[in-house]
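Chemist: Let me begin by handing over the structure; questions about it come next.
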Amino acid sequence: MTEVTSDAAETRLRRSPLHERHTALGAKFAPFGGWQMPLEYAGGGVLKEHTAVREGVGVFDVSHLGKIRVTGPGAADFVNACLTNDLGRITPGQAQYTLCCDDATGGVVDDIIAYLHADDHVFLVPNAANTAEVARRLRAAAPAGVTVTDEHEAYAVLAVQGPRSADLLNALGLPTGHDYMSFSTATLDGVELTVCRTGYTGELGYELVVASEHAVAVWDAIFAAADDVRACGLAARDTLRTEMGYPLHGQDLSPETTPVQGRSGWAVGWDKAAFWGRDALRAEKAAGPARTLRGLTAVDRAIPRPGMAVYAGDRRVGTITSGTFSPTLKQGVALALVDTDPKLPDGDELEVDIRGRRARMRLTRPPFVKPSVR
């Protein structure tokens with residue numbers, strides 16, 4: 001994450017409606033996607049926050065995520081003709097991971113969660129930094145009668161994650177029994193919200209979407225419902241998602257990286273008649289990508305970081321895109337874009353240049369930690 005140092009730059013950052021709650025908890029803040037967001041909290045830190053999610057329950061404020069509403073006759077068909085995944089595979093009340101790709105190159109403009117409310121209503125949750133661009137592209141392509149509305153600051157999003165997340169929501173009287181990647185509406189003390197079985201940690205979890213003016217009331221109710229719930233920042237969110245091999249846009253996926261290269265082809269409806277980037281992606285899939293996103297686990301005592309070079313002997317074969325110390329495994333783990341080579345199967349050892357020293361890393365297919373989302 002890039003630090004912002006000037007007071008002027010700090011004032012340009014958007015703030016979550018829960019900013020004062022984070023300040024009261026002693027949060028350390030960092031800029032992320034144009035927002036000032038909690039990185040970690042006093043009395044916790046990354047390791048304790050990470051462990052809380054793997055073993056109990058943690059709550060993340062992810063209100064920086066974008067929100068785009070697409071409405072009007074044929075809204076779902078329109079979105080389906082733009083984004084990669086096939087909305088026809090799901091029904092109203094379900095959510096879907098999908099990608100917005102550049103039509104000419106197939107590069108990933110953003111990865112998105114699409115909430116299908118009805119044939120004429122789709123709610124999209126893109127990444128913070130890309131929300132305006134995704135909305136712009138959708139507006140430019142929208143047919144008459146379909147409206148694309150950027151509601152970035154209108155809603156807050158709270159991610160309740162961990163094996164005891166359902167117990168916490170049950171204590172609040174919120175629904176928990178719906179299937180993975182489905183959602184329902186509910187009320188909490190008269191406040192309407194959407195409860196979706198989604199998350200970015202690999203654990204059982206829920207994301208609550210609520211109007212920004214009610215975010216504080218929902219946050220307070222969550223922390224009043226249990227003594228052992230822990231507030232978690234974006235640093236723990238990053239270690240959790242890296243352990244699962246979940247890609248982060250801007251690092252593992254980007255306009256220069258396609259879903260074929262990023263091993264996200266499972267989120268592409270290859271047989272659909274239309275979606276942005278279809279021709280470029282189908283051609284790349286048929287020919288085979290020149291590079292592929294691979295997982296690495298440290299053999300030596302080393303922590304890989306983004307930008308570090310990956311070698312097979314004297315030959316540079318790739319670059320680390322995400323890397324961290326895994327609190328669960330107690331070793332370094334990474335994602336890297338590596339030259340596609342049948343002579344580099346999973347299990348082989350490569351080397352990573354860590355500040356001039358070569359460290360051994362083993363090619364490992366993610367997830368590095370067994371998922372428990374269901």
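Within each chain, counting starts at residue 1; across the structure tokens, chains are named A, B, ... in the order shown, with ligands numbered 1 upward in that order.
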Fewer than 4 positions away in the same chain doesn't count, so skip those; otherwise give me all residues within 12 Å of A:Gly356, counting only C-alpha atoms, as a list in words.

Modeler: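 Close residues of A:Gly356: Met308, Ala309, Val310, Glu351 and Val352 of chain A.
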
Chemist: Next, write the just-selected residues to a file, as a PDB file, in the first residue's frame, keeping N, CA and C atoms as the atom set.

Modeler:
ATOM      1  N   MET A 308       9.329  -8.894  -6.539  1.00  0.00           N
ATOM      2  CA  MET A 308      10.563  -9.678  -6.490  1.00  0.00           C
ATOM      3  C   MET A 308      10.636 -10.631  -7.674  1.00  0.00           C
ATOM      4  N   ALA A 309      11.862 -10.824  -8.189  1.00  0.00           N
ATOM      5  CA  ALA A 309      12.085 -11.664  -9.363  1.00  0.00           C
ATOM      6  C   ALA A 309      12.118 -13.139  -8.981  1.00  0.00           C
ATOM      7  N   VAL A 310      11.583 -13.977  -9.870  1.00  0.00           N
ATOM      8  CA  VAL A 310      11.554 -15.426  -9.689  1.00  0.00           C
ATOM      9  C   VAL A 310      12.469 -16.063 -10.732  1.00  0.00           C
ATOM     10  N   GLU A 351      13.617 -20.101  -7.306  1.00  0.00           N
ATOM     11  CA  GLU A 351      14.285 -19.200  -6.368  1.00  0.00           C
ATOM     12  C   GLU A 351      13.729 -17.795  -6.539  1.00  0.00           C
ATOM     13  N   VAL A 352      13.638 -17.083  -5.426  1.00  0.00           N
ATOM     14  CA  VAL A 352      13.175 -15.701  -5.432  1.00  0.00           C
ATOM     15  C   VAL A 352      14.310 -14.817  -4.930  1.00  0.00           C
TER      16      VAL A 352
END

Chemist: Got a sec to tell me which of stretch 135-360 of chain A DSSP assigns to helix (DSSP H, G or I), as a ChimeraX atom specification?

Modeler: /A:135-141,165-171,212-225,234-244,265-267,278-287

Chemist: Between atom CA of A:Arg362 and atom CA of A:Val299, what is the spacing in Å?

Modeler: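 Taking atom CA of A:Val299 and atom CA of A:Arg362, their separation equals 6.5 Å.
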
Chemist: Pick out the residues sitting within 10 Å of A:Asp339, and hand them over as a ChimeraX atom specification; count only C-alpha atoms, and ignore anything fewer than 2 positions along from it in its own chain.

Modeler: /A:261,289-294,310,316-319,336-337,341-342,344

Chemist: Could those residues be written to a file, using C-alpha atoms, as a PDB file, in the first residue's frame?

Modeler:
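Ended up saving to part-v1.pdb:
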ATOM      1  CA  GLN A 261      -3.115 -15.718 -17.341  1.00  0.00           C
ATOM      2  CA  PRO A 289      -1.027 -18.016 -22.264  1.00  0.00           C
ATOM      3  CA  ALA A 290       2.606 -16.930 -22.239  1.00  0.00           C
ATOM      4  CA  ARG A 291       2.510 -16.643 -18.439  1.00  0.00           C
ATOM      5  CA  THR A 292       0.352 -18.051 -15.665  1.00  0.00           C
ATOM      6  CA  LEU A 293      -0.406 -17.081 -12.078  1.00  0.00           C
ATOM      7  CA  ARG A 294       1.236 -19.689  -9.839  1.00  0.00           C
ATOM      8  CA  VAL A 310      11.554 -15.426  -9.689  1.00  0.00           C
ATOM      9  CA  ARG A 316      14.327 -15.267 -14.776  1.00  0.00           C
ATOM     10  CA  VAL A 317      10.904 -16.847 -15.202  1.00  0.00           C
ATOM     11  CA  GLY A 318       8.526 -14.560 -13.354  1.00  0.00           C
ATOM     12  CA  THR A 319       7.643 -11.903 -10.811  1.00  0.00           C
ATOM     13  CA  ALA A 336       3.599 -14.997  -9.016  1.00  0.00           C
ATOM     14  CA  LEU A 337       3.163 -14.554 -12.739  1.00  0.00           C
ATOM     15  CA  ASP A 341       6.484 -23.956 -19.110  1.00  0.00           C
ATOM     16  CA  PRO A 342       5.524 -27.642 -18.862  1.00  0.00           C
ATOM     17  CA  LEU A 344       7.849 -26.217 -14.241  1.00  0.00           C
TER      18      LEU A 344
END

Chemist: Per residue of stretch 74-155 of chain A within 12 Å of stretch 215-220 of chain A, note the shortest atom pair and the distance in Å to one decimal, counting only C-alpha atoms, and order the rows by chain and increasing residue number, as JSON lines.

Modeler:
{"residue": "A:Glu153", "atom": "CA", "partner": "A:Ala215", "partner_atom": "CA", "distance": 11.6}
{"residue": "A:Ala154", "atom": "CA", "partner": "A:Ala215", "partner_atom": "CA", "distance": 10.5}
{"residue": "A:Tyr155", "atom": "CA", "partner": "A:Ala215", "partner_atom": "CA", "distance": 8.2}

Chemist: Could those selected residues go to a file with N, CA, C and O atoms, as an mmCIF file, in the first residue's frame?

Modeler:
data_model
loop_
_atom_site.group_PDB
_atom_site.id
_atom_site.type_symbol
_atom_site.label_atom_id
_atom_site.label_comp_id
_atom_site.auth_asym_id
_atom_site.auth_seq_id
_atom_site.Cartn_x
_atom_site.Cartn_y
_atom_site.Cartn_z
ATOM 1 N N GLU A 153 -20.592 5.940 -2.203
ATOM 2 C CA GLU A 153 -20.592 6.380 -0.807
ATOM 3 C C GLU A 153 -21.955 6.232 -0.135
ATOM 4 O O GLU A 153 -22.103 6.570 1.033
ATOM 5 N N ALA A 154 -22.921 5.703 -0.854
ATOM 6 C CA ALA A 154 -24.272 5.597 -0.299
ATOM 7 C C ALA A 154 -24.423 4.416 0.658
ATOM 8 O O ALA A 154 -25.326 4.407 1.498
ATOM 9 N N TYR A 155 -23.521 3.438 0.536
ATOM 10 C CA TYR A 155 -23.636 2.223 1.348
ATOM 11 C C TYR A 155 -22.316 1.889 2.031
ATOM 12 O O TYR A 155 -21.239 2.141 1.484
#

Chemist: Write out as a VMD selection string which residues come within 8 Å of A:Gly33 when counting only C-alpha atoms, dropping same-chain ones fewer than 2 positions away.

Modeler: chain A and resid 31 35 64 127 to 129

Chemist: Save out the residues we just selected, C-alpha atoms, as a tab-separated table (two decimals), in the first residue's frame.

Modeler:
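Now in part22.tsv:
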chain	number	residue	atom	x	y	z
A	31	PRO	CA	-4.64	4.98	2.11
A	35	TRP	CA	-9.89	5.88	0.94
A	64	HIS	CA	-14.30	1.44	0.47
A	127	ASN	CA	-12.96	-2.48	-6.11
A	128	ALA	CA	-12.66	1.02	-4.72
A	129	ALA	CA	-10.10	2.42	-7.15

Chemist: Write out as an mmCIF file with N, CA, C and O atoms, in the first residue's frame each polymer residue whose atoms come within 12 Å of A:Pro163, counting only C-alpha atoms; drop sequence neighbours fewer than 2 positions from it.

Modeler:
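Generated file (part_22.cif):
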data_model
loop_
_atom_site.group_PDB
_atom_site.id
_atom_site.type_symbol
_atom_site.label_atom_id
_atom_site.label_comp_id
_atom_site.auth_asym_id
_atom_site.auth_seq_id
_atom_site.Cartn_x
_atom_site.Cartn_y
_atom_site.Cartn_z
ATOM 1 N N THR A 51 -5.742 -14.486 13.285
ATOM 2 C CA THR A 51 -6.115 -15.676 14.055
ATOM 3 C C THR A 51 -7.579 -15.640 14.466
ATOM 4 O O THR A 51 -8.265 -16.666 14.473
ATOM 5 N N ALA A 52 -8.082 -14.452 14.799
ATOM 6 C CA ALA A 52 -9.492 -14.329 15.178
ATOM 7 C C ALA A 52 -10.402 -14.820 14.064
ATOM 8 O O ALA A 52 -11.412 -15.494 14.305
ATOM 9 N N VAL A 53 -10.050 -14.508 12.824
ATOM 10 C CA VAL A 53 -10.880 -14.919 11.687
ATOM 11 C C VAL A 53 -10.735 -16.417 11.408
ATOM 12 O O VAL A 53 -11.712 -17.090 11.091
ATOM 13 N N ARG A 54 -9.543 -16.950 11.550
ATOM 14 C CA ARG A 54 -9.352 -18.383 11.309
ATOM 15 C C ARG A 54 -9.982 -19.237 12.418
ATOM 16 O O ARG A 54 -10.431 -20.352 12.166
ATOM 17 N N GLU A 55 -10.045 -18.701 13.646
ATOM 18 C CA GLU A 55 -10.488 -19.530 14.775
ATOM 19 C C GLU A 55 -11.796 -19.078 15.410
ATOM 20 O O GLU A 55 -12.457 -19.866 16.085
ATOM 21 N N GLY A 56 -12.174 -17.809 15.252
ATOM 22 C CA GLY A 56 -13.368 -17.299 15.910
ATOM 23 C C GLY A 56 -14.192 -16.435 14.982
ATOM 24 O O GLY A 56 -14.819 -16.918 14.040
ATOM 25 N N VAL A 57 -14.189 -15.123 15.221
ATOM 26 C CA VAL A 57 -14.930 -14.214 14.349
ATOM 27 C C VAL A 57 -14.279 -12.837 14.377
ATOM 28 O O VAL A 57 -13.876 -12.339 15.432
ATOM 29 N N GLY A 58 -14.151 -12.259 13.204
ATOM 30 C CA GLY A 58 -13.627 -10.908 13.065
ATOM 31 C C GLY A 58 -14.522 -10.097 12.149
ATOM 32 O O GLY A 58 -15.263 -10.647 11.324
ATOM 33 N N VAL A 160 -18.326 -9.903 8.151
ATOM 34 C CA VAL A 160 -18.273 -10.688 9.394
ATOM 35 C C VAL A 160 -17.759 -12.065 9.000
ATOM 36 O O VAL A 160 -18.455 -12.820 8.320
ATOM 37 N N GLN A 161 -16.537 -12.413 9.421
ATOM 38 C CA GLN A 161 -15.853 -13.578 8.897
ATOM 39 C C GLN A 161 -15.305 -14.461 10.013
ATOM 40 O O GLN A 161 -14.768 -13.965 11.004
ATOM 41 N N SER A 165 -18.973 -16.815 12.822
ATOM 42 C CA SER A 165 -19.704 -15.676 12.253
ATOM 43 C C SER A 165 -21.209 -15.906 12.272
ATOM 44 O O SER A 165 -21.986 -14.981 12.548
ATOM 45 N N ALA A 166 -21.648 -17.132 11.992
ATOM 46 C CA ALA A 166 -23.088 -17.416 12.007
ATOM 47 C C ALA A 166 -23.653 -17.265 13.414
ATOM 48 O O ALA A 166 -24.774 -16.753 13.586
ATOM 49 N N ASP A 167 -22.906 -17.693 14.426
ATOM 50 C CA ASP A 167 -23.367 -17.538 15.808
ATOM 51 C C ASP A 167 -23.581 -16.062 16.139
ATOM 52 O O ASP A 167 -24.568 -15.697 16.799
ATOM 53 N N LEU A 168 -22.678 -15.225 15.679
ATOM 54 C CA LEU A 168 -22.784 -13.793 15.950
ATOM 55 C C LEU A 168 -24.021 -13.201 15.278
ATOM 56 O O LEU A 168 -24.796 -12.473 15.914
ATOM 57 N N LEU A 169 -24.229 -13.544 14.009
ATOM 58 C CA LEU A 169 -25.404 -12.996 13.314
ATOM 59 C C LEU A 169 -26.702 -13.560 13.873
ATOM 60 O O LEU A 169 -27.711 -12.853 13.943
ATOM 61 N N THR A 201 -11.847 -14.229 2.789
ATOM 62 C CA THR A 201 -10.934 -14.803 3.773
ATOM 63 C C THR A 201 -10.800 -16.309 3.673
ATOM 64 O O THR A 201 -9.887 -16.877 4.266
ATOM 65 N N GLY A 202 -11.700 -16.979 2.975
ATOM 66 C CA GLY A 202 -11.695 -18.426 2.908
ATOM 67 C C GLY A 202 -12.440 -19.096 4.040
ATOM 68 O O GLY A 202 -12.528 -20.320 4.097
ATOM 69 N N GLU A 203 -12.999 -18.292 4.950
ATOM 70 C CA GLU A 203 -13.759 -18.817 6.078
ATOM 71 C C GLU A 203 -15.255 -18.617 5.850
ATOM 72 O O GLU A 203 -15.668 -17.818 5.006
ATOM 73 N N LEU A 204 -16.049 -19.339 6.642
ATOM 74 C CA LEU A 204 -17.479 -19.045 6.690
ATOM 75 C C LEU A 204 -17.625 -17.557 6.992
ATOM 76 O O LEU A 204 -16.956 -17.023 7.874
ATOM 77 N N GLY A 205 -18.484 -16.891 6.248
ATOM 78 C CA GLY A 205 -18.607 -15.461 6.499
ATOM 79 C C GLY A 205 -19.770 -14.831 5.761
ATOM 80 O O GLY A 205 -20.408 -15.449 4.889
ATOM 81 N N TYR A 206 -20.031 -13.597 6.127
ATOM 82 C CA TYR A 206 -21.160 -12.839 5.598
ATOM 83 C C TYR A 206 -20.707 -11.405 5.360
ATOM 84 O O TYR A 206 -19.864 -10.876 6.094
ATOM 85 N N VAL A 229 -15.680 -10.826 19.694
ATOM 86 C CA VAL A 229 -15.551 -10.395 18.308
ATOM 87 C C VAL A 229 -14.433 -9.372 18.218
ATOM 88 O O VAL A 229 -14.290 -8.517 19.093
ATOM 89 N N PRO A 371 -9.865 -24.183 2.545
ATOM 90 C CA PRO A 371 -10.974 -23.247 2.721
ATOM 91 C C PRO A 371 -12.101 -23.837 3.551
ATOM 92 O O PRO A 371 -12.308 -25.048 3.561
ATOM 93 N N SER A 372 -12.813 -22.949 4.240
ATOM 94 C CA SER A 372 -13.963 -23.354 5.053
ATOM 95 C C SER A 372 -15.177 -22.482 4.791
ATOM 96 O O SER A 372 -15.982 -22.232 5.687
ATOM 97 N N VAL A 373 -15.299 -21.983 3.557
ATOM 98 C CA VAL A 373 -16.361 -21.022 3.254
ATOM 99 C C VAL A 373 -17.747 -21.621 3.364
ATOM 100 O O VAL A 373 -18.728 -20.914 3.583
ATOM 101 N N ARG A 374 -17.883 -22.923 3.227
ATOM 102 C CA ARG A 374 -19.208 -23.535 3.230
ATOM 103 C C ARG A 374 -19.569 -24.118 4.592
ATOM 104 O O ARG A 374 -20.628 -24.634 4.769
#

Chemist: Can you tell me, as a CSV table (one decimal) with C-alpha atoms, in the first residue's frame, what residues are no more than 10 Å from A:Gln251 when counting only C-alpha atoms, ignoring any on the same chain fewer than 4 positions away?

Modeler:
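Resulting contents of part_18.csv:
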chain,number,residue,atom,x,y,z
A,247,PRO,CA,-6.2,-12.5,-6.4
A,257,THR,CA,-3.2,-9.5,-17.0
A,306,PRO,CA,5.4,-8.1,-4.7
A,307,GLY,CA,7.9,-7.1,-7.4
A,320,ILE,CA,6.0,-12.1,-7.4
A,321,THR,CA,2.6,-10.3,-7.5
A,322,SER,CA,1.5,-11.0,-3.9
A,335,LEU,CA,1.4,-15.6,-6.0
A,336,ALA,CA,3.6,-15.0,-9.0
A,337,LEU,CA,3.2,-14.6,-12.7

Chemist: So, counting only C-alpha atoms, which residue among A:Trp276, A:Tyr97, A:Phe123, A:Tyr180 is closest to A:Gly66?

Modeler: A:Phe123

Chemist: Which residue, A:Ala302, A:Leu193, A:Leu87, A:Ala156, has the smallest gap to A:His19 when you use only C-alpha atoms?

Modeler: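 When distances to A:His19 are compared using only C-alpha atoms, the smallest one comes from A:Ala156.
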
Chemist: Atom CA of A:Ala225 to atom CA of A:Lys67: how many Å, to one decimal?

Modeler: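 We find that atom CA of A:Ala225 and atom CA of A:Lys67 lie 27.6 Å from each other.
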
Chemist: Could you pull the residues within 6 Å of A:Gly323, counting only C-alpha atoms, minus those fewer than 6 positions along the same chain, as a PyMOL selection string?

Modeler: chain A and resi 304-306+333-334

Chemist: Can you pull out every residue from stretch 208-258 of chain A that DSSP, working from the backbone, puts in strand (DSSP E), and format the result as a PyMOL selection string?

Modeler: chain A and resi 208-211+230-232

Chemist: Of the residues A:Glu207, A:Glu192, A:Asp110, A:Glu151, which is the one nearest to A:Thr176, using only C-alpha atoms?

Modeler: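 Checking each candidate against A:Thr176, we get A:Glu207 as the closest.
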